[in-house]
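File shown: final_33.cif (mmCIF, C-alpha atoms and all ligand atoms).
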data_run
#
loop_
_atom_site.label_atom_id
_atom_site.label_comp_id
_atom_site.auth_asym_id
_atom_site.auth_seq_id
_atom_site.Cartn_x
_atom_site.Cartn_y
_atom_site.Cartn_z
CA MET A 1 211.62 74.56 103.52
CA GLN A 2 211.66 71.73 101.03
CA GLU A 3 212.61 68.30 102.20
CA VAL A 4 212.37 64.92 100.49
CA LEU A 5 210.49 62.71 102.93
CA GLY A 6 209.87 59.73 100.70
CA VAL A 7 210.17 58.32 97.21
CA GLY A 8 207.56 56.18 95.47
CA LEU A 9 208.09 53.73 92.67
CA ARG A 10 205.51 51.80 90.71
CA THR A 11 205.87 49.19 88.03
CA ARG A 12 204.81 50.83 84.80
CA TRP A 13 205.15 54.39 86.00
CA LYS A 14 208.08 55.71 87.93
CA ILE A 15 206.84 58.21 90.46
CA TRP A 16 208.91 60.44 92.64
CA GLY A 17 207.21 62.26 95.47
CA VAL A 18 208.89 65.35 96.79
CA PHE A 19 207.32 66.23 100.09
CA GLU A 20 207.32 69.70 101.44
CA ARG A 21 206.49 70.80 104.95
CA THR A 22 204.04 73.66 104.71
CA THR A 23 202.19 75.60 107.36
CA GLY A 24 199.08 73.57 106.60
CA GLY A 25 200.85 70.18 106.98
CA VAL A 26 202.74 68.34 104.30
CA SER A 27 202.16 68.72 100.58
CA CYS A 28 203.60 66.48 97.93
CA SER A 29 204.57 67.23 94.37
CA ILE A 30 204.79 64.18 92.19
CA GLN A 31 207.07 63.83 89.24
CA ALA A 32 206.14 60.93 87.00
CA LEU A 33 207.62 59.25 83.99
CA SER A 34 206.35 56.36 81.92
CA SER A 35 209.08 54.71 79.89
CA GLU A 36 206.48 52.63 78.04
CA ARG A 37 204.38 55.54 76.96
CA ASN A 38 207.04 58.21 76.77
CA ARG A 39 205.20 60.57 79.07
CA ALA A 40 206.31 62.79 81.87
CA GLY A 41 204.71 65.36 84.09
CA SER A 42 204.03 66.55 87.59
CA LEU A 43 201.21 67.45 89.94
CA THR A 44 200.68 68.36 93.55
CA CYS A 45 198.52 66.40 95.97
CA SER A 46 198.20 65.92 99.71
CA PHE A 47 200.58 63.71 101.62
CA GLN A 48 197.72 61.43 102.67
CA ALA A 49 196.65 60.92 99.05
CA PHE A 50 200.16 59.96 98.10
CA ARG A 51 200.39 57.40 100.90
CA ASP A 52 197.16 55.76 99.89
CA TRP A 53 198.13 53.85 96.78
CA LYS A 54 194.56 53.21 95.69
CA GLU A 55 193.58 56.81 95.92
CA GLN A 56 196.82 57.76 94.34
CA GLU A 57 196.01 55.67 91.33
CA VAL A 58 192.83 57.68 90.84
CA ILE A 59 194.79 60.91 91.10
CA PHE A 60 197.32 59.57 88.72
CA GLU A 61 194.67 58.77 86.14
CA GLY A 62 193.64 62.39 86.46
CA PHE A 63 197.22 63.43 86.05
CA GLU A 64 197.44 61.67 82.72
CA ARG A 65 194.57 63.70 81.37
CA MET A 66 195.72 66.87 83.09
CA ASP A 67 199.13 67.00 81.50
CA GLU A 68 198.16 66.10 77.96
CA GLY A 69 197.60 68.94 75.49
CA LEU A 70 195.97 69.58 72.15
CA ASP A 71 196.84 71.81 69.26
CA SER A 72 194.31 73.87 67.32
CA GLU A 73 194.18 71.15 64.64
CA GLY A 74 193.06 68.58 67.20
CA ASN A 75 196.38 66.72 67.48
CA THR A 76 197.39 65.41 70.90
CA LEU A 77 200.59 66.68 72.46
CA PRO A 78 201.78 64.27 75.18
CA THR A 79 203.25 66.82 77.60
CA ARG A 80 204.10 70.50 77.83
CA GLU A 81 207.80 69.61 77.82
CA VAL A 82 207.37 67.84 74.48
CA MET A 83 205.47 70.81 73.06
CA TRP A 84 208.07 73.40 74.10
CA GLU A 85 210.89 71.21 72.90
CA THR A 86 209.16 70.77 69.53
CA TYR A 87 208.37 74.44 68.97
CA THR A 88 211.12 76.30 70.82
CA GLY A 89 213.82 73.67 71.40
CA ASP A 90 216.71 75.74 70.03
CA GLU A 91 217.39 79.47 69.74
CA LYS A 92 216.31 79.65 66.08
CA SER A 93 212.93 77.99 66.64
CA ARG A 94 212.38 80.06 69.80
CA GLU A 95 212.93 83.25 67.80
CA GLU A 96 210.57 81.98 65.10
CA TRP A 97 207.90 81.27 67.73
CA TYR A 98 208.02 84.86 68.98
CA THR A 99 208.20 86.38 65.48
CA LYS A 100 205.12 84.43 64.37
CA GLY A 101 203.19 85.64 67.42
CA VAL A 102 204.05 89.28 66.73
CA ASN A 103 203.32 88.85 63.00
CA TYR A 104 199.87 87.56 63.83
CA TRP A 105 199.02 90.63 65.93
CA SER A 106 200.61 92.98 63.37
CA ALA A 107 198.02 91.83 60.85
CA VAL A 108 194.88 92.41 62.96
CA GLU A 109 192.93 95.65 62.91
CA ALA A 110 194.49 98.06 65.41
CA SER A 111 191.33 98.49 67.49
CA VAL A 112 189.66 97.02 70.60
CA ASP A 113 187.69 94.67 68.36
CA GLY A 114 190.91 93.61 66.63
CA VAL A 115 192.85 92.80 69.81
CA LEU A 116 189.86 90.92 71.22
CA GLY A 117 189.54 88.71 68.15
CA GLY A 118 186.21 90.19 67.08
CA TYR A 119 184.77 90.12 70.63
CA GLY A 120 185.11 93.86 71.28
CA SER A 121 181.64 93.80 72.82
CA ILE A 122 182.89 91.92 75.91
CA SER A 123 185.33 94.69 76.84
CA GLY A 124 182.86 96.51 79.12
CA ARG A 125 182.02 93.37 81.10
CA ASP A 126 185.69 92.47 81.29
CA VAL A 127 186.66 95.88 82.67
CA THR A 128 183.80 95.93 85.19
CA GLU A 129 184.91 92.67 86.80
CA SER A 130 188.61 93.58 86.58
CA ASN A 131 187.81 96.83 88.34
CA LYS A 132 186.00 95.02 91.15
CA PHE A 133 188.86 92.53 91.54
CA LEU A 134 191.54 95.23 91.50
CA THR A 135 189.64 97.43 93.96
CA ASP A 136 189.21 94.51 96.39
CA CYS A 137 192.90 93.58 96.16
CA LEU A 138 194.08 97.20 96.60
CA LYS A 139 191.81 97.61 99.61
CA THR A 140 193.40 94.74 101.49
CA LEU A 141 196.97 94.72 100.13
CA LYS A 142 197.64 98.46 99.79
CA PRO A 143 195.16 100.12 102.15
CA ASP A 144 197.32 103.20 102.78
CA SER A 145 198.38 103.96 99.23
CA HIS A 146 197.54 107.28 97.65
CA GLU A 147 196.51 107.28 94.01
CA SER A 148 198.76 110.27 93.38
CA SER A 149 201.90 108.18 93.80
CA MET A 150 200.74 104.88 92.37
CA VAL A 151 202.35 103.31 89.29
CA ALA A 152 201.16 100.32 87.24
CA LEU A 153 202.56 98.25 84.39
CA ASP A 154 200.26 97.05 81.58
CA CYS A 155 201.84 93.99 79.90
CA GLY A 156 201.08 93.11 76.25
CA ALA A 157 198.82 96.14 76.26
CA GLY A 158 197.61 96.10 72.65
CA VAL A 159 195.86 99.40 71.87
CA GLY A 160 195.85 100.38 75.55
CA ARG A 161 192.32 99.14 76.31
CA VAL A 162 193.14 98.06 79.89
CA THR A 163 195.21 101.17 80.63
CA LYS A 164 192.51 103.50 79.36
CA ASN A 165 189.46 101.86 80.94
CA LEU A 166 190.93 100.45 84.14
CA LEU A 167 194.47 101.37 85.17
CA MET A 168 194.25 105.11 84.52
CA HIS A 169 191.35 105.24 86.98
CA HIS A 170 193.50 103.85 89.80
CA PHE A 171 197.08 104.92 89.09
CA ASN A 172 198.84 108.20 88.54
CA GLU A 173 201.31 106.72 86.08
CA VAL A 174 201.10 103.67 83.81
CA ASP A 175 203.90 102.04 81.81
CA LEU A 176 202.59 100.22 78.79
CA VAL A 177 204.58 97.38 77.17
CA GLU A 178 203.56 96.15 73.72
CA PRO A 179 205.71 94.55 70.97
CA VAL A 180 203.51 95.41 67.95
CA GLN A 181 204.26 98.87 66.58
CA GLN A 182 200.86 99.49 64.93
CA LEU A 183 199.06 98.70 68.19
CA ILE A 184 201.25 100.82 70.44
CA GLU A 185 200.92 103.74 68.00
CA VAL A 186 197.13 103.67 68.40
CA ALA A 187 197.59 103.56 72.18
CA GLN A 188 199.92 106.56 71.98
CA GLN A 189 197.39 108.58 70.00
CA ASP A 190 194.54 107.63 72.31
CA LEU A 191 196.23 107.95 75.69
CA HIS A 192 197.62 111.43 75.54
CA LEU A 193 197.90 113.14 78.89
CA ASP A 194 194.70 113.75 80.77
CA PHE A 195 194.02 117.14 82.33
CA ASP A 196 191.52 117.96 85.03
CA SER A 197 189.24 121.00 84.93
CA LEU A 198 192.02 123.25 86.28
CA GLY A 199 194.38 122.13 83.55
CA THR A 200 196.56 120.14 85.94
CA ARG A 201 198.15 117.02 84.52
CA MET A 202 196.51 114.02 86.12
CA ARG A 203 197.86 110.89 84.53
CA LYS A 204 201.00 109.95 82.71
CA VAL A 205 201.44 107.00 80.35
CA ASN A 206 204.88 105.80 79.19
CA PHE A 207 205.23 103.54 76.15
CA PHE A 208 207.68 100.67 75.62
CA ASN A 209 207.64 98.99 72.22
CA CYS A 210 209.07 95.70 73.41
CA PRO A 211 208.02 92.07 74.03
CA LEU A 212 207.47 90.94 77.59
CA GLN A 213 210.25 88.35 77.52
CA GLU A 214 212.69 91.24 77.05
CA TYR A 215 211.19 93.84 79.36
CA VAL A 216 213.11 94.49 82.58
CA PRO A 217 210.95 96.30 85.13
CA PRO A 218 212.90 99.00 86.98
CA ALA A 219 213.55 98.07 90.62
CA GLU A 220 210.64 98.71 93.02
CA ARG A 221 208.72 100.89 90.57
CA TYR A 222 205.28 99.27 90.42
CA ASP A 223 202.36 98.99 92.80
CA VAL A 224 200.59 96.64 90.39
CA ILE A 225 201.74 94.69 87.35
CA TRP A 226 198.76 93.81 85.16
CA ILE A 227 199.17 90.90 82.70
CA GLN A 228 196.13 90.22 80.55
CA TRP A 229 195.66 87.99 77.52
CA CYS A 230 199.31 87.95 76.49
CA ILE A 231 201.23 85.52 78.74
CA GLY A 232 200.21 82.64 76.42
CA HIS A 233 202.76 83.94 73.95
CA LEU A 234 205.63 83.32 76.36
CA THR A 235 207.35 79.97 76.84
CA ASP A 236 207.27 78.47 80.35
CA ALA A 237 210.91 79.38 80.88
CA ASP A 238 210.27 83.00 79.87
CA VAL A 239 207.15 83.23 82.04
CA ILE A 240 209.15 82.14 85.08
CA GLU A 241 212.00 84.50 84.24
CA PHE A 242 209.54 87.35 83.81
CA PHE A 243 207.94 86.56 87.19
CA ASN A 244 211.39 86.75 88.77
CA ARG A 245 212.10 90.15 87.19
CA ALA A 246 208.57 91.37 87.99
CA LYS A 247 209.04 90.54 91.69
CA LEU A 248 212.03 92.91 91.79
CA GLY A 249 210.00 95.56 89.99
CA LEU A 250 207.27 95.60 92.65
CA LYS A 251 207.15 98.14 95.45
CA ARG A 252 206.72 96.79 98.96
CA GLY A 253 203.20 95.39 99.22
CA GLY A 254 202.81 95.50 95.43
CA PHE A 255 201.19 92.65 93.53
CA ILE A 256 200.69 91.10 90.10
CA VAL A 257 197.31 90.46 88.48
CA LEU A 258 197.21 87.82 85.80
CA LYS A 259 193.95 87.64 83.85
CA GLU A 260 193.92 84.86 81.30
CA ASN A 261 192.01 82.28 79.33
CA VAL A 262 192.16 78.94 81.11
CA ALA A 263 191.94 75.48 79.51
CA LYS A 264 189.86 72.76 81.22
CA SER A 265 192.96 70.56 81.46
CA GLY A 266 196.51 70.38 80.15
CA PHE A 267 196.97 73.04 77.49
CA VAL A 268 195.83 74.11 74.04
CA LEU A 269 198.35 75.26 71.47
CA ASP A 270 197.03 77.78 68.97
CA LYS A 271 198.97 77.36 65.76
CA GLU A 272 197.46 80.49 64.25
CA ASP A 273 198.69 83.11 66.72
CA PHE A 274 201.38 80.98 68.37
CA SER A 275 200.13 81.05 71.92
CA VAL A 276 199.31 78.46 74.55
CA THR A 277 196.20 78.40 76.72
CA ARG A 278 197.16 76.78 80.02
CA SER A 279 195.01 75.04 82.62
CA ASP A 280 194.57 76.37 86.17
CA GLN A 281 196.93 73.67 87.47
CA TYR A 282 199.51 74.55 84.81
CA PHE A 283 199.38 78.23 85.83
CA ARG A 284 199.70 77.33 89.49
CA ASP A 285 202.81 75.25 88.72
CA LEU A 286 204.34 78.29 86.99
CA PHE A 287 203.43 80.59 89.90
CA GLN A 288 205.11 78.17 92.27
CA GLN A 289 208.22 77.97 90.12
CA GLY A 290 208.28 81.76 89.87
CA GLY A 291 208.02 82.12 93.68
CA LEU A 292 204.57 83.71 93.60
CA HIS A 293 201.59 82.99 95.84
CA VAL A 294 197.93 83.13 94.87
CA TYR A 295 196.36 85.68 97.21
CA GLN A 296 192.99 85.92 95.43
CA HIS A 297 191.48 83.96 92.57
CA ARG A 298 188.22 84.72 90.81
CA LYS A 299 186.49 83.60 87.62
CA GLN A 300 185.16 86.12 85.13
CA THR A 301 181.43 85.81 84.58
CA GLY A 302 179.09 86.74 81.77
CA PHE A 303 181.27 86.00 78.76
CA PRO A 304 179.86 84.08 75.75
CA ARG A 305 179.78 80.34 76.40
CA GLU A 306 181.92 79.44 73.41
CA LEU A 307 184.96 81.22 74.91
CA PHE A 308 187.53 79.73 77.27
CA GLU A 309 186.95 80.37 80.95
CA VAL A 310 188.79 83.50 82.07
CA HIS A 311 190.42 83.56 85.52
CA MET A 312 191.90 86.43 87.53
CA TYR A 313 194.78 85.68 89.89
CA CYS A 314 196.21 88.18 92.36
CA LEU A 315 199.81 87.11 93.01
CA THR A 316 202.05 88.22 95.85
CA THR A 317 205.70 87.63 96.63
CA GLU A 318 204.93 86.58 100.20
CA VAL A 319 202.18 84.35 101.58
CA LYS A 320 199.45 86.67 102.81
CA LYS A 321 196.35 85.79 104.75
CA THR A 322 193.31 86.20 102.57
CA THR A 323 191.00 88.55 104.39
CA LYS A 324 187.41 88.21 103.34
CA LEU A 325 185.75 91.57 102.98
CA ARG A 326 183.18 91.85 105.75
CA LYS A 327 179.62 92.63 104.88
CA ALA A 328 178.23 95.64 106.70
CA LYS A 329 176.52 94.51 109.92
CA LYS A 330 172.74 94.66 109.80
CA VAL A 331 171.55 96.88 112.59
CA ASN A 332 168.22 95.99 114.11
CA ARG A 333 166.80 99.48 114.02
CA PRO A 334 163.61 100.72 112.39
CA GLY A 335 164.09 102.57 109.10
CA ILE A 336 163.42 106.28 108.98
CA ILE A 337 160.50 107.30 106.79
CA LYS A 338 161.13 110.67 105.26
C1 LIG B 1 194.51 89.41 72.92
S1 LIG B 1 195.58 90.84 72.76
C2 LIG B 1 195.32 91.57 74.36
C3 LIG B 1 195.68 93.01 74.44
C4 LIG B 1 195.42 93.68 75.80
N1 LIG B 1 196.11 93.02 76.86
C5 LIG B 1 193.94 93.71 76.10
O1 LIG B 1 193.49 92.96 76.99
O2 LIG B 1 193.22 94.49 75.47
C6 LIG B 1 197.19 90.07 72.87
C7 LIG B 1 198.32 91.07 72.94
O3 LIG B 1 199.53 90.39 73.27
C8 LIG B 1 200.57 90.99 72.53
N2 LIG B 1 201.74 90.09 72.46
C9 LIG B 1 202.04 89.16 71.54
N3 LIG B 1 203.24 88.61 71.81
C10 LIG B 1 203.71 89.22 72.91
C11 LIG B 1 204.90 89.12 73.68
N4 LIG B 1 205.85 88.26 73.35
N5 LIG B 1 205.05 89.95 74.74
C12 LIG B 1 204.08 90.82 75.08
N6 LIG B 1 202.93 90.96 74.40
C13 LIG B 1 202.74 90.17 73.35
C14 LIG B 1 199.92 91.26 71.19
O4 LIG B 1 200.66 92.14 70.39
C15 LIG B 1 198.57 91.78 71.62
O5 LIG B 1 198.60 93.15 71.83
#
Any chance you could put this one into structure tokens?
Ligand SMILES: C[S@@+](CC[C@H](N)C(=O)[O-])C[C@H]1O[C@@H](n2cnc3c(N)ncnc32)[C@H](O)[C@@H]1O
Amino acid sequence: MQEVLGVGLRTRWKIWGVFERTTGGVSCSIQALSSERNRAGSLTCSFQAFRDWKEQEVIFEGFERMDEGLDSEGNTLPTREVMWETYTGDEKSREEWYTKGVNYWSAVEASVDGVLGGYGSISGRDVTESNKFLTDCLKTLKPDSHESSMVALDCGAGVGRVTKNLLMHHFNEVDLVEPVQQLIEVAQQDLHLDFDSLGTRMRKVNFFNCPLQEYVPPAERYDVIWIQWCIGHLTDADVIEFFNRAKLGLKRGGFIVLKENVAKSGFVLDKEDFSVTRSDQYFRDLFQQGGLHVYQHRKQTGFPRELFEVHMYCLTTEVKKTTKLRKAKKVNRPGIIK
């Protein structure tokens, strides 16, 4: 339940603290506005930190840096609100934003190397860690599910790299959503039905040539919704709306995996492909607004240093206890020499 327990006000900055009673105590989300510097933003901190003005000042300094963004030409963008208003403030500019994004991907080579911006070589490492993350999440969140009845959604699927190398190994049926015709055509050619040695159909892939902001998941269809390297194309409002539709599209116990580039702070606007790389805090704000909870969070390892960090989030519609996978107990017994 959300309840306003107190309101803070400072001289240069106006700060509103909205306090929420949570199971772990009280958390506080701060909304701040500086009339002098024309800045606005929000962050979440502990109740104690908010009460301690000195400490709060430190947090607030951090906030200033956290909310500020950059574009790919090195220009500073004061807040995410200012950025979205500038680029997608009315219906015409919003449409242009999405068209430019799709045009960018329509011009790349329709291959794994093309959709990974020339970094096709990282695909194997990416899939290995995704597979480990997905397996761990399925084990604890869907322990009784049978592969034969499992369905997944691959969002912004490109040439079907994730479906082919990851999802088809876990799910009986995969729906693939991709707005760029040339890319989805390659996926269609590549992901024809798979047959086992007896000639029985094993996997089915369905194709939807459509952008994510327009896709409506059928009610309670999916065990897992996989969103990788495409959510940056969606505006904040469309991300939240998609989360709301996705929640209805999940089966009981189903979950969403978001795997994305993450900025160190604030956000980075790419004016070439018209996407935004968000910070971890930014993503968590969107999850909260979309009514999703972070069940598991892990960082990808082993990618080239020049790339953004890549994080994997497992998101659930209800708060779930994170169960750490137990290591097998060491038994104090002599080994058998054969
Ligand atoms: C970096 S590629 C990633 C492709 C795939 N997810 C993968 O990991 O191999 C980005 C993909 O996002 C798609 N995309 C662009 N705008 C989109 C939108 N509005 N909705 C869904 N996908 C979008 C592009 O067409 C492209 O296939």
Extract, using all atoms listed in the file, all DNA, RNA and protein residues at most 9 Å from A:Tyr104, discarding same-chain residues fewer than 6 positions from it, and format them as a PDB file with C-alpha atoms, keeping the file's coordinate frame.
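In the end it all went to around.pdb:
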ATOM      1  CA  GLU A 272     197.460  80.490  64.250  1.00  0.00           C
ATOM      2  CA  ASP A 273     198.690  83.110  66.720  1.00  0.00           C
ATOM      3  CA  PHE A 274     201.380  80.980  68.370  1.00  0.00           C
TER       4      PHE A 274
END
Using all atoms listed in the file, determine which residues lie at most 9 Å from stretch 76-89 of chain A, disregarding the query and same-chain residues fewer than 2 positions distant; provide the list as a PDB file with C-alpha atoms, in the frame of the given file.
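As a result, part-v3.pdb now contains:
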ATOM      1  CA  ASN A  38     207.040  58.210  76.770  1.00  0.00           C
ATOM      2  CA  ARG A  39     205.200  60.570  79.070  1.00  0.00           C
ATOM      3  CA  ALA A  40     206.310  62.790  81.870  1.00  0.00           C
ATOM      4  CA  GLY A  41     204.710  65.360  84.090  1.00  0.00           C
ATOM      5  CA  ASP A  67     199.130  67.000  81.500  1.00  0.00           C
ATOM      6  CA  GLU A  68     198.160  66.100  77.960  1.00  0.00           C
ATOM      7  CA  GLY A  69     197.600  68.940  75.490  1.00  0.00           C
ATOM      8  CA  LEU A  70     195.970  69.580  72.150  1.00  0.00           C
ATOM      9  CA  ASP A  71     196.840  71.810  69.260  1.00  0.00           C
ATOM     10  CA  GLY A  74     193.060  68.580  67.200  1.00  0.00           C
ATOM     11  CA  GLU A  91     217.390  79.470  69.740  1.00  0.00           C
ATOM     12  CA  LYS A  92     216.310  79.650  66.080  1.00  0.00           C
ATOM     13  CA  SER A  93     212.930  77.990  66.640  1.00  0.00           C
ATOM     14  CA  ARG A  94     212.380  80.060  69.800  1.00  0.00           C
ATOM     15  CA  GLU A  95     212.930  83.250  67.800  1.00  0.00           C
ATOM     16  CA  GLU A  96     210.570  81.980  65.100  1.00  0.00           C
ATOM     17  CA  TRP A  97     207.900  81.270  67.730  1.00  0.00           C
ATOM     18  CA  THR A 235     207.350  79.970  76.840  1.00  0.00           C
ATOM     19  CA  ASP A 236     207.270  78.470  80.350  1.00  0.00           C
ATOM     20  CA  GLY A 266     196.510  70.380  80.150  1.00  0.00           C
ATOM     21  CA  PHE A 267     196.970  73.040  77.490  1.00  0.00           C
ATOM     22  CA  VAL A 268     195.830  74.110  74.040  1.00  0.00           C
ATOM     23  CA  LEU A 269     198.350  75.260  71.470  1.00  0.00           C
TER      24      LEU A 269
END
Protein and nucleic acid residues within 6 Å of ligand LIG 1 (chain B) (all atoms listed in the file) as number ranges by chain: A: 98, 101-102, 105, 115-116, 156-158, 161-162, 178-180, 211-212, 228-230, 233-234
Calculate how many Å separate atom CA of A:Val257 from atom CA of A:Thr135, rounding to one decimal.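 Atom CA of A:Thr135 lies 11.7 Å from atom CA of A:Val257.
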Give me the residues near A:Thr317 as a PyMOL selection string, where near means some atom within 9 Å (using all atoms listed in the file) and where sequence neighbours in that chain fewer than 5 positions away do not count. chain A and resi 247+253-256+291-293
Those same residues, written as a PDB file, keeping the file's coordinate frame with C-alpha atoms?
ATOM      1  CA  LYS A 247     209.040  90.540  91.690  1.00  0.00           C
ATOM      2  CA  GLY A 253     203.200  95.390  99.220  1.00  0.00           C
ATOM      3  CA  GLY A 254     202.810  95.500  95.430  1.00  0.00           C
ATOM      4  CA  PHE A 255     201.190  92.650  93.530  1.00  0.00           C
ATOM      5  CA  ILE A 256     200.690  91.100  90.100  1.00  0.00           C
ATOM      6  CA  GLY A 291     208.020  82.120  93.680  1.00  0.00           C
ATOM      7  CA  LEU A 292     204.570  83.710  93.600  1.00  0.00           C
ATOM      8  CA  HIS A 293     201.590  82.990  95.840  1.00  0.00           C
TER       9      HIS A 293
END
Need the shell around A:Gly124: protein/DNA/RNA residues with any atom at most 12 Å away, counting only C-alpha atoms. Skip same-chain ones fewer than 4 positions apart. Format as a PyMOL selection string? chain A and resi 112-113+116+119-120+128-131+161-162+164-166+302-303
Expressed in Å to a single decimal, how great is the separation between atom CA of A:Thr301 and atom CA of A:Arg125? 8.3 Å
When you count only C-alpha atoms, which of these residues is closest to A:Ser106: A:Gln182, A:Ser145, A:Asn75, A:Asn244? A:Gln182
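The gap separating atom CA of A:Leu258 from atom CA of A:His311 is 8.0 Å, in Å to one decimal.
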My list of candidates is A:Ser275, A:Val159, A:Arg245, A:His146. Which is closest to A:Gln189 when distances are computed with only C-alpha atoms?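 When distances to A:Gln189 are compared using only C-alpha atoms, the smallest one comes from A:Val159.
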Please determine, counting all atoms listed in the file, which residue among A:Tyr313, A:Tyr215, A:Phe208, A:Phe242 has the shortest atom-to-atom distance to A:Gln296.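 Of A:Tyr313, A:Tyr215, A:Phe208, A:Phe242, the one nearest A:Gln296 is A:Tyr313, counting all atoms listed in the file.
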Closest to A:Met312 among A:Leu286, A:Ile122, A:Ile227, A:Leu183, using only C-alpha atoms?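 Nearest candidate to A:Met312 out of A:Leu286, A:Ile122, A:Ile227, A:Leu183: A:Ile227.
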Quick one: what's the axis-aligned box for stretch 150-161 of chain A, all listed atoms, 6 Å on every side, centre and edges in Å to one decimal, as JSON?
{"center_x": 197.4, "center_y": 99.0, "center_z": 82.1, "size_x": 22.2, "size_y": 23.8, "size_z": 32.5}
Looking at all atoms listed in the file, which of A:Cys155, A:Cys314, A:Val205, A:Ala187 is the one that sits closest to A:Met168?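 Result for the nearest residue to A:Met168: A:Val205.
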Which residue gives the smallest distance to A:Glu109 among A:Val186, A:Ala152, A:Leu176, A:Leu134, with all atoms listed in the file counted?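 For A:Glu109, the nearest of the candidates is A:Val186.
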